[in-house]
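Chemist: Data file model-v7.csv (CSV, C-alpha atoms) is appended below.
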chain,number,residue,atom,x,y,z
A,1,MET,CA,99.7,89.7,70.8
A,2,SER,CA,97.8,92.9,70.4
A,3,GLN,CA,94.1,93.0,71.0
A,4,SER,CA,91.5,94.6,68.8
A,5,ALA,CA,88.9,97.2,69.9
A,6,GLU,CA,86.2,94.6,69.6
A,7,GLN,CA,88.1,92.2,72.0
A,8,ILE,CA,88.7,95.1,74.4
A,9,LYS,CA,85.0,95.9,74.3
A,10,THR,CA,84.0,92.3,74.8
A,11,SER,CA,86.2,91.9,77.8
A,12,LEU,CA,85.4,95.2,79.5
A,13,PRO,CA,81.9,94.5,80.8
A,14,ASN,CA,83.3,91.4,82.7
A,15,LEU,CA,85.6,93.7,84.7
A,16,LEU,CA,82.8,95.9,86.0
A,17,ASN,CA,82.0,95.8,89.7
A,18,GLU,CA,78.6,97.4,89.3
A,19,HIS,CA,75.4,95.4,89.0
A,20,GLU,CA,74.6,96.6,85.5
A,21,ILE,CA,76.9,94.2,83.5
A,22,THR,CA,75.8,95.0,80.0
A,23,ASP,CA,77.2,95.1,76.5
A,24,ARG,CA,76.8,98.9,76.3
A,25,THR,CA,80.4,99.3,75.0
A,26,ASP,CA,79.5,97.5,71.8
A,27,ARG,CA,76.7,99.9,71.0
A,28,THR,CA,77.6,103.3,72.6
A,29,ASP,CA,79.2,106.0,70.4
A,30,TYR,CA,81.2,108.5,72.4
A,31,SER,CA,82.4,110.5,69.4
A,32,HIS,CA,80.2,113.5,70.5
A,33,ILE,CA,82.3,114.0,73.7
A,34,THR,CA,84.5,117.1,73.1
A,35,ASN,CA,87.9,117.6,74.8
A,36,GLU,CA,86.4,120.5,76.8
A,37,GLN,CA,83.6,118.2,78.1
A,38,PHE,CA,86.1,115.4,78.8
A,39,ILE,CA,88.3,117.7,80.9
A,40,GLU,CA,85.4,119.2,82.8
A,41,ALA,CA,84.1,115.7,83.7
A,42,VAL,CA,87.6,114.5,84.9
A,43,PHE,CA,88.7,117.5,86.8
A,44,ARG,CA,85.3,118.9,87.8
A,45,ASP,CA,86.3,122.4,89.0
A,46,PRO,CA,89.7,122.6,90.7
A,47,ASN,CA,89.8,126.4,90.6
A,48,PRO,CA,91.9,128.3,91.3
A,49,ALA,CA,94.2,125.4,90.2
A,50,ARG,CA,94.2,124.4,86.6
A,51,PRO,CA,95.2,121.4,84.5
A,52,PHE,CA,97.4,121.8,81.4
A,53,VAL,CA,96.7,121.0,77.8
A,54,VAL,CA,99.6,120.2,75.5
A,55,GLY,CA,98.9,120.3,71.7
A,56,PHE,CA,101.0,120.3,68.6
A,57,LYS,CA,101.1,118.8,65.1
A,58,GLY,CA,103.5,116.3,63.7
A,59,ASN,CA,105.4,113.4,65.3
A,60,PRO,CA,105.6,113.5,69.1
A,61,ALA,CA,109.0,111.8,69.0
A,62,THR,CA,110.5,115.0,67.5
A,63,GLN,CA,108.6,117.5,69.6
A,64,LYS,CA,110.7,119.7,71.8
A,65,ASP,CA,108.2,122.0,73.5
A,66,TRP,CA,105.9,120.1,75.9
A,67,SER,CA,105.1,123.1,78.1
A,68,GLY,CA,101.5,123.5,77.1
A,69,ARG,CA,98.9,125.9,78.5
A,70,ALA,CA,96.7,126.1,81.6
A,71,VAL,CA,93.0,125.7,80.8
A,72,HIS,CA,90.0,126.8,82.8
A,73,VAL,CA,87.8,123.8,83.6
A,74,GLY,CA,84.4,124.4,82.2
A,75,GLY,CA,85.7,127.1,80.0
A,76,SER,CA,86.0,127.2,76.2
A,77,PHE,CA,89.4,126.6,74.5
A,78,LYS,CA,90.5,125.2,71.2
A,79,THR,CA,92.2,121.8,70.7
A,80,PRO,CA,92.5,121.2,66.9
A,81,THR,CA,91.3,117.7,65.8
A,82,GLU,CA,94.4,117.4,63.6
A,83,ALA,CA,96.8,117.9,66.5
A,84,ASN,CA,98.4,115.7,69.1
A,85,ASN,CA,96.3,116.7,72.2
A,86,TYR,CA,97.3,115.8,75.7
A,87,ILE,CA,95.9,116.6,79.2
A,88,SER,CA,98.0,116.6,82.4
A,89,CYS,CA,97.2,114.2,85.2
A,90,SER,CA,97.7,117.0,87.7
A,91,SER,CA,96.5,120.5,88.3
A,92,PHE,CA,98.7,123.5,89.2
A,93,ASN,CA,98.5,126.6,91.2
A,94,LEU,CA,98.9,130.2,90.2
A,95,LYS,CA,102.2,131.7,91.2
A,96,ASP,CA,103.7,135.1,90.5
A,97,GLY,CA,100.8,135.8,88.1
A,98,ALA,CA,101.3,132.7,86.0
A,99,TYR,CA,100.3,129.0,85.8
A,100,ARG,CA,103.3,126.7,85.2
A,101,ARG,CA,103.6,122.9,85.0
A,102,LYS,CA,106.3,122.8,87.7
A,103,LYS,CA,106.7,120.9,90.9
A,104,ASP,CA,106.6,124.0,93.1
A,105,GLN,CA,103.2,124.9,91.7
A,106,PHE,CA,101.7,121.4,92.0
A,107,HIS,CA,98.2,121.4,93.4
A,108,ALA,CA,96.8,117.9,93.1
A,109,TYR,CA,97.0,114.6,91.2
A,110,HIS,CA,93.6,113.8,89.7
A,111,TRP,CA,93.8,110.6,87.6
A,112,ILE,CA,96.0,107.6,87.0
A,113,LEU,CA,97.2,106.7,83.5
A,114,CYS,CA,97.7,103.1,82.3
A,115,ASP,CA,99.3,103.1,78.8
A,116,ASP,CA,99.9,100.7,75.9
A,117,ILE,CA,97.2,98.3,77.0
A,118,GLY,CA,96.7,95.7,74.4
A,119,THR,CA,100.3,95.8,73.1
A,120,LYS,CA,102.9,96.2,75.8
A,121,ALA,CA,100.5,95.3,78.6
A,122,SER,CA,97.9,92.6,78.1
A,123,ILE,CA,94.2,93.3,78.8
A,124,ASP,CA,94.4,90.2,81.1
A,125,ARG,CA,96.6,92.3,83.4
A,126,VAL,CA,93.9,95.0,83.8
A,127,THR,CA,91.9,93.8,86.8
A,128,LEU,CA,89.9,97.0,87.4
A,129,ALA,CA,87.4,98.6,85.1
A,130,PRO,CA,88.6,102.1,84.2
A,131,SER,CA,86.9,105.5,84.0
A,132,TRP,CA,87.7,105.7,80.3
A,133,ILE,CA,89.5,104.0,77.4
A,134,ILE,CA,91.0,105.8,74.5
A,135,GLU,CA,92.3,104.0,71.5
A,136,THR,CA,95.5,105.9,70.7
A,137,SER,CA,96.8,103.8,67.8
A,138,LYS,CA,95.7,100.6,66.2
A,139,ASP,CA,94.9,98.0,68.9
A,140,ASN,CA,96.7,100.2,71.5
A,141,TYR,CA,94.9,101.9,74.4
A,142,GLN,CA,95.2,104.3,77.3
A,143,TYR,CA,93.1,103.6,80.4
A,144,GLY,CA,92.3,106.4,82.8
A,145,TYR,CA,91.2,106.0,86.5
A,146,ILE,CA,89.8,109.1,88.2
A,147,LEU,CA,90.6,109.6,91.8
A,148,ALA,CA,87.5,110.3,94.0
A,149,GLU,CA,89.7,112.5,96.2
A,150,PRO,CA,92.7,114.0,94.3
A,151,LEU,CA,96.1,113.6,95.9
A,152,THR,CA,97.5,116.9,97.1
A,153,ASP,CA,100.8,115.3,98.4
A,154,ASP,CA,103.2,115.0,95.4
A,155,VAL,CA,105.3,112.4,97.3
A,156,MET,CA,102.3,110.2,97.7
A,157,ALA,CA,101.2,110.8,94.1
A,158,ASN,CA,104.6,109.8,92.8
A,159,ARG,CA,104.4,106.6,94.8
A,160,LEU,CA,101.2,105.7,93.1
A,161,VAL,CA,102.7,106.5,89.7
A,162,ASP,CA,105.7,104.4,90.4
A,163,GLY,CA,103.5,101.5,91.5
A,164,VAL,CA,101.6,101.6,88.2
A,165,ILE,CA,104.9,101.7,86.3
A,166,ALA,CA,106.4,98.8,88.3
A,167,ALA,CA,103.4,96.7,87.6
A,168,GLY,CA,104.0,97.1,83.8
A,169,LEU,CA,100.9,99.2,83.3
A,170,CYS,CA,102.7,102.3,82.1
A,171,ASP,CA,106.1,103.2,80.6
A,172,GLU,CA,108.9,104.7,82.7
A,173,GLY,CA,109.2,108.0,80.7
A,174,ALA,CA,108.1,111.2,82.4
A,175,ASN,CA,107.2,109.2,85.5
A,176,GLY,CA,106.7,112.2,87.9
A,177,ALA,CA,103.2,113.1,88.9
A,178,THR,CA,103.8,116.7,87.7
A,179,SER,CA,105.0,115.8,84.3
A,180,ARG,CA,102.7,112.8,83.4
A,181,LEU,CA,100.4,113.4,80.4
A,182,GLY,CA,97.7,111.3,78.7
A,183,ARG,CA,96.0,111.8,75.4
A,184,LEU,CA,92.7,113.5,74.9
A,185,PRO,CA,90.0,111.7,72.9
A,186,VAL,CA,89.8,114.3,70.1
A,187,ALA,CA,93.2,114.2,68.7
A,188,ILE,CA,95.6,112.7,66.1
A,189,ASN,CA,98.5,110.4,67.0
A,190,GLY,CA,101.1,112.1,64.9
A,191,LYS,CA,103.3,109.1,64.8
A,192,THR,CA,101.0,107.3,62.5
A,193,ASP,CA,98.2,109.9,61.8
A,194,PHE,CA,95.8,107.7,63.7
A,195,GLN,CA,92.6,109.3,64.8
A,196,CYS,CA,92.2,108.7,68.5
A,197,LYS,CA,88.9,107.3,69.6
A,198,LEU,CA,87.0,107.2,73.0
A,199,ILE,CA,85.7,103.7,73.3
A,200,GLU,CA,84.6,103.7,77.0
A,201,TRP,CA,83.5,106.7,79.0
A,202,GLN,CA,82.3,106.3,82.6
A,203,PRO,CA,83.5,109.5,84.4
A,204,GLU,CA,81.3,108.7,87.4
A,205,ARG,CA,83.5,105.7,88.0
A,206,ARG,CA,85.9,107.1,90.6
A,207,PHE,CA,88.3,105.4,93.0
A,208,SER,CA,90.0,105.8,96.3
A,209,VAL,CA,93.7,105.1,96.5
A,210,GLN,CA,93.1,101.9,98.3
A,211,GLU,CA,90.7,100.8,95.5
A,212,ILE,CA,93.3,101.5,92.9
A,213,VAL,CA,96.0,99.6,94.8
A,214,ASP,CA,93.7,96.6,95.5
A,215,GLY,CA,91.9,96.6,92.1
A,216,LEU,CA,95.0,96.9,89.9
A,217,GLN,CA,97.0,94.7,92.3
A,218,ILE,CA,100.0,97.0,92.5
A,219,GLU,CA,102.6,97.4,95.1
A,220,LEU,CA,103.6,100.7,96.6
A,221,LYS,CA,107.0,101.4,98.1
A,222,GLU,CA,108.5,104.2,100.1
A,223,LYS,CA,111.0,106.2,98.1
A,224,ASN,CA,114.7,106.2,99.1
A,225,LYS,CA,114.0,103.8,101.9
A,226,PRO,CA,115.1,100.2,102.0
A,227,ALA,CA,112.5,97.8,103.2
A,228,ARG,CA,113.0,97.0,106.9
A,229,LYS,CA,112.0,93.7,108.5
A,230,THR,CA,109.9,94.2,111.6
A,231,SER,CA,110.3,92.0,114.7
A,232,GLN,CA,106.9,90.6,114.0
A,233,GLN,CA,107.9,89.7,110.4
A,234,ALA,CA,111.1,88.1,111.7
A,235,ASN,CA,109.1,86.0,114.2
A,236,ASP,CA,106.7,85.0,111.5
A,237,GLN,CA,109.5,83.9,109.1
A,238,ALA,CA,108.5,80.2,109.4
A,239,THR,CA,104.8,80.9,108.7
A,240,GLN,CA,105.1,83.3,105.8
A,241,ASP,CA,102.8,82.8,102.8
A,242,ASP,CA,103.8,80.1,100.3
A,243,VAL,CA,102.6,82.1,97.3
A,244,HIS,CA,105.3,84.7,97.1
A,245,ILE,CA,107.8,82.5,95.1
A,246,PRO,CA,106.4,80.7,92.2
A,247,ARG,CA,108.0,77.3,91.4
A,248,ALA,CA,107.0,75.2,88.4
A,249,THR,CA,106.8,71.8,90.3
A,250,ASP,CA,105.5,72.6,93.7
A,251,ASN,CA,103.6,75.9,93.7
A,252,PRO,CA,101.2,75.3,96.5
A,253,VAL,CA,98.4,77.1,94.7
A,254,ILE,CA,98.8,74.8,91.7
A,255,LEU,CA,98.9,71.8,94.0
A,256,ALA,CA,95.7,72.9,95.7
A,257,LEU,CA,93.9,73.6,92.4
A,258,VAL,CA,94.9,70.1,91.2
A,259,LYS,CA,93.8,68.5,94.5
A,260,ASN,CA,90.4,70.2,94.2
A,261,ASP,CA,89.9,69.2,90.6
A,262,LEU,CA,90.0,72.9,89.6
A,263,TYR,CA,93.2,72.8,87.4
A,264,LYS,CA,92.9,72.6,83.7
A,265,SER,CA,96.1,73.5,81.8
A,266,PRO,CA,99.0,75.9,81.7
A,267,LEU,CA,98.6,78.9,79.3
A,268,GLY,CA,102.2,80.0,79.4
A,269,GLY,CA,103.9,83.0,81.0
A,270,GLY,CA,102.8,82.0,84.5
A,271,LYS,CA,99.1,82.0,83.6
A,272,HIS,CA,96.9,78.9,84.1
A,273,ASP,CA,93.4,78.0,82.9
A,274,ILE,CA,91.3,76.8,85.9
A,275,THR,CA,87.8,76.1,86.9
A,276,CYS,CA,86.4,78.9,89.0
A,277,PRO,CA,85.8,77.7,92.7
A,278,TRP,CA,82.5,79.5,92.5
A,279,VAL,CA,81.4,78.0,89.1
A,280,ASN,CA,78.1,77.1,90.6
A,281,GLU,CA,77.3,80.8,90.9
A,282,HIS,CA,77.9,81.4,87.2
A,283,THR,CA,74.9,81.7,84.9
A,284,ASP,CA,74.1,78.1,83.8
A,285,SER,CA,77.3,77.0,85.7
A,286,VAL,CA,79.4,77.9,82.7
A,287,ASP,CA,82.9,76.6,83.2
A,288,ASN,CA,85.2,78.9,81.3
A,289,GLY,CA,87.0,82.3,81.4
A,290,THR,CA,88.9,81.8,84.7
A,291,ALA,CA,92.6,82.1,85.2
A,292,TYR,CA,95.2,82.1,88.0
A,293,PHE,CA,98.5,84.1,87.6
A,294,GLU,CA,101.6,83.1,89.4
A,295,PRO,CA,103.4,85.8,91.5
A,296,SER,CA,105.6,88.0,89.3
A,297,GLU,CA,106.8,91.6,89.1
A,298,SER,CA,103.4,92.5,87.6
A,299,TYR,CA,101.4,90.3,90.1
A,300,PRO,CA,103.4,90.6,93.4
A,301,ILE,CA,101.0,88.3,95.3
A,302,GLY,CA,99.7,86.4,92.3
A,303,GLY,CA,96.5,87.1,90.4
A,304,PHE,CA,93.0,85.7,89.8
A,305,LYS,CA,90.5,86.7,87.1
A,306,CYS,CA,87.1,85.3,86.4
A,307,MET,CA,85.2,86.7,83.4
A,308,HIS,CA,81.8,86.0,84.9
A,309,GLY,CA,79.8,88.9,86.5
A,310,HIS,CA,79.2,87.0,89.8
A,311,CYS,CA,83.0,87.0,90.4
A,312,ALA,CA,83.8,90.5,89.2
A,313,ALA,CA,84.8,91.7,92.7
A,314,ARG,CA,86.8,88.6,93.7
A,315,ARG,CA,90.6,89.0,93.9
A,316,VAL,CA,93.4,86.5,94.4
A,317,SER,CA,93.0,86.7,98.2
A,318,ALA,CA,89.6,85.2,97.9
A,319,LEU,CA,91.1,82.3,95.8
A,320,TYR,CA,93.7,81.7,98.5
A,321,THR,CA,91.1,81.7,101.3
A,322,GLN,CA,88.9,79.2,99.3
A,323,LEU,CA,91.9,76.9,98.7
A,324,GLY,CA,93.2,77.1,102.3
A,325,ILE,CA,96.5,78.7,101.2
A,326,ARG,CA,98.2,80.8,103.9
A,327,ALA,CA,97.5,84.4,103.1
A,328,SER,CA,97.2,86.0,106.5
A,329,ASN,CA,99.7,88.7,105.7
A,330,LEU,CA,97.9,89.6,102.5
A,331,SER,CA,94.4,90.1,103.6
A,332,ARG,CA,92.8,93.5,102.8
A,333,ASP,CA,92.2,94.4,106.5
A,334,LYS,CA,95.8,93.8,107.6
A,335,ILE,CA,97.9,94.8,104.6
A,336,LYS,CA,99.5,98.3,105.1
A,337,HIS,CA,100.5,100.3,102.1
A,338,PRO,CA,103.1,103.0,102.6
A,339,LEU,CA,100.9,105.5,100.6
A,340,LEU,CA,98.2,105.3,103.2
A,341,SER,CA,100.6,105.8,106.2
A,342,PRO,CA,102.3,109.1,107.3
A,343,VAL,CA,105.6,109.8,105.7
A,344,SER,CA,108.4,109.7,108.2
As structure tokens, what does this structure read like?

Modeler:
Amino acid sequence: MSQSAEQIKTSLPNLLNEHEITDRTDRTDYSHITNEQFIEAVFRDPNPARPFVVGFKGNPATQKDWSGRAVHVGGSFKTPTEANNYISCSSFNLKDGAYRRKKDQFHAYHWILCDDIGTKASIDRVTLAPSWIIETSKDNYQYGYILAEPLTDDVMANRLVDGVIAAGLCDEGANGATSRLGRLPVAINGKTDFQCKLIEWQPERRFSVQEIVDGLQIELKEKNKPARKTSQQANDQATQDDVHIPRATDNPVILALVKNDLYKSPLGGGKHDITCPWVNEHTDSVDNGTAYFEPSESYPIGGFKCMHGHCAARRVSALYTQLGIRASNLSRDKIKHPLLSPVS
């Protein structure tokens, strides 16, 4: 079921990890933000490297030329309001006197795109407040996450892109870091002549790679390398976490929730309505808006989401610790992501 802009706005403040949990998205108008201002805030000044803007009129499905043009961050350039306008996720270097959106001219990957939120991907799956939200068609949204330190290694950038795709937060098309594009706020969606709209704009909200991985609960894998079981993993076979394989009748997390009088009811699709273990910290001890998600392709280690501000920073590992579920291999200080390790 798709979700309206009002539902997105109502849910968004509960995702924030800052102290100022407010309803500002319900009253803030971002229509004054131009595409030039948007790009300058996202990329800052990557000179001499430059991002690419792609713009054209008509239906994107029939568009053949997606080459675009390099733009100077902080400079003046035109993006017609009646056109489909896109910005690259990456910036590119000058070579042989020209900027080209090609792999051999890749400079850095600056921001992560999550697409079709509200339609193909539920807002419930988004567990990290983004830098911006653009409504690109009715009840359909693109979320952007700005990297605090752009990735200059295209292999690592591609791992991050692939992890977002594998989590169901973006489509598989044009999945390379050098080719990925997202819509600009001042634009028309030529498929339906829908006027795009910026409904959340927090460019100061920037993330490390680790914060993206943890916050969006995505899994990163080394490309072209099968997973190898270490001797330590083999020795720990008998004590591996119980939460990896969800089972309808004996999922240990469900059993623990029931035992602790925290389980309410199944919501379908592996989602369960529960009482938050930290309900006493909620304002007036309000007991609603908390869910547990069974492990799946989208939630490799399961998921936890509480809509109350006091629990905004709590992830599923905190739930497992509170319930006494074995999660030693999943703790933030021990988990090793391939993206953060040297490439062999």

Chemist: Name the residues in contact with Glu40 in chain A at a cut-off of 7 Å, using all atoms listed in the file, excluding same-chain residues fewer than 3 positions from it; report them as a PyMOL selection string.

Modeler: chain A and resi 36-37+43-44+73-74

Chemist: Counting all atoms listed in the file, which residues have an atom no more than 12 Å from (101.7, 127.1, 86.5) in the file's coordinates? Please list them as a VMD selection string.

Modeler: chain A and resid 48 to 53 67 to 71 88 90 to 107 178 to 179

Chemist: Compile the contact shell of Gly269 in chain A as a list of chain:residue names: residues with an atom at most 10 Å away, counting only C-alpha atoms, same-chain residues fewer than 5 positions apart removed.

Modeler: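 Listed by chain and then number, they are A:Phe293, A:Glu294, A:Ser296.
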
Chemist: What does the structure give for the distance between CA of Asn189 in chain A and CA of Arg125 in chain A, in Å to one decimal?

Modeler: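 Between CA of Asn189 in chain A and CA of Arg125 in chain A the gap works out to 24.5 Å.
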
Chemist: To one decimal place in Å, what is the distance between CA of Tyr109 in chain A and CA of Ala313 in chain A?

Modeler: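 Atom-to-atom, CA of Tyr109 in chain A and CA of Ala313 in chain A are spaced 26.0 Å apart.
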
Chemist: If you measure from CA of Ala187 in chain A to CA of Arg159 in chain A, what distance in Å do you get, rounded to one decimal?

Modeler: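 Between CA of Ala187 in chain A and CA of Arg159 in chain A the gap is 29.4 Å.
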
Chemist: Near range 274-280 of chain A, within 7 Å and counting all atoms listed in the file, which residues show up once chain neighbours fewer than 6 positions away are dropped, as an mmCIF file with C-alpha atoms, keeping the file's coordinate frame?

Modeler:
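The result, stored in part_26.cif:
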data_model
loop_
_atom_site.group_PDB
_atom_site.id
_atom_site.type_symbol
_atom_site.label_atom_id
_atom_site.label_comp_id
_atom_site.auth_asym_id
_atom_site.auth_seq_id
_atom_site.Cartn_x
_atom_site.Cartn_y
_atom_site.Cartn_z
ATOM 1 C CA LEU A 262 90.000 72.900 89.600
ATOM 2 C CA TYR A 263 93.200 72.800 87.400
ATOM 3 C CA LYS A 264 92.900 72.600 83.700
ATOM 4 C CA VAL A 286 79.400 77.900 82.700
ATOM 5 C CA ASP A 287 82.900 76.600 83.200
ATOM 6 C CA ASN A 288 85.200 78.900 81.300
ATOM 7 C CA THR A 290 88.900 81.800 84.700
ATOM 8 C CA ALA A 291 92.600 82.100 85.200
ATOM 9 C CA TYR A 292 95.200 82.100 88.000
ATOM 10 C CA CYS A 306 87.100 85.300 86.400
#

Chemist: Just want the 12 Å neighbourhood of Glu172 in chain A, counted on only C-alpha atoms, with same-chain residues fewer than 6 positions away dropped. Output as a ChimeraX atom specification.

Modeler: /A:113-116,161-166,179-180

Chemist: Residues of range 188-209 of chain A that approach range 132-148 of chain A to 6 Å or less, counting all atoms listed in the file: could you list each one with the shortest pair of atoms and its distance in Å to one decimal, rows by chain and increasing residue number, as JSON lines?

Modeler:
{"residue": "A:Phe194", "atom": "CA", "partner": "A:Ser137", "partner_atom": "CA", "distance": 5.7}
{"residue": "A:Cys196", "atom": "CA", "partner": "A:Thr136", "partner_atom": "CA", "distance": 4.9}
{"residue": "A:Lys197", "atom": "CA", "partner": "A:Glu135", "partner_atom": "CA", "distance": 5.1}
{"residue": "A:Leu198", "atom": "CA", "partner": "A:Ile134", "partner_atom": "CA", "distance": 4.5}
{"residue": "A:Ile199", "atom": "CA", "partner": "A:Ile133", "partner_atom": "CA", "distance": 5.6}
{"residue": "A:Glu200", "atom": "CA", "partner": "A:Ile133", "partner_atom": "CA", "distance": 4.9}
{"residue": "A:Trp201", "atom": "CA", "partner": "A:Trp132", "partner_atom": "CA", "distance": 4.5}
{"residue": "A:Gln202", "atom": "CA", "partner": "A:Trp132", "partner_atom": "CA", "distance": 5.9}
{"residue": "A:Arg206", "atom": "CA", "partner": "A:Ala148", "partner_atom": "CA", "distance": 4.9}
{"residue": "A:Phe207", "atom": "CA", "partner": "A:Leu147", "partner_atom": "CA", "distance": 4.9}
{"residue": "A:Ser208", "atom": "CA", "partner": "A:Ala148", "partner_atom": "CA", "distance": 5.6}

Chemist: Using all atoms listed in the file, which of A:Asn251, A:Gln195, A:Thr321, A:Asn158 sits nearest Ala108 in chain A?

Modeler: A:Asn158

Chemist: Rank nothing, just name the residue among A:Leu267, A:Ser317, A:Val213, A:Arg205 nearest to Val253 in chain A, using all atoms listed in the file.

Modeler: A:Ser317

Chemist: Could you tell me which of A:Gly118, A:Gly302, A:Gly268, A:Gly190 comes closest to Gly55 in chain A if we count all atoms listed in the file?

Modeler: A:Gly190
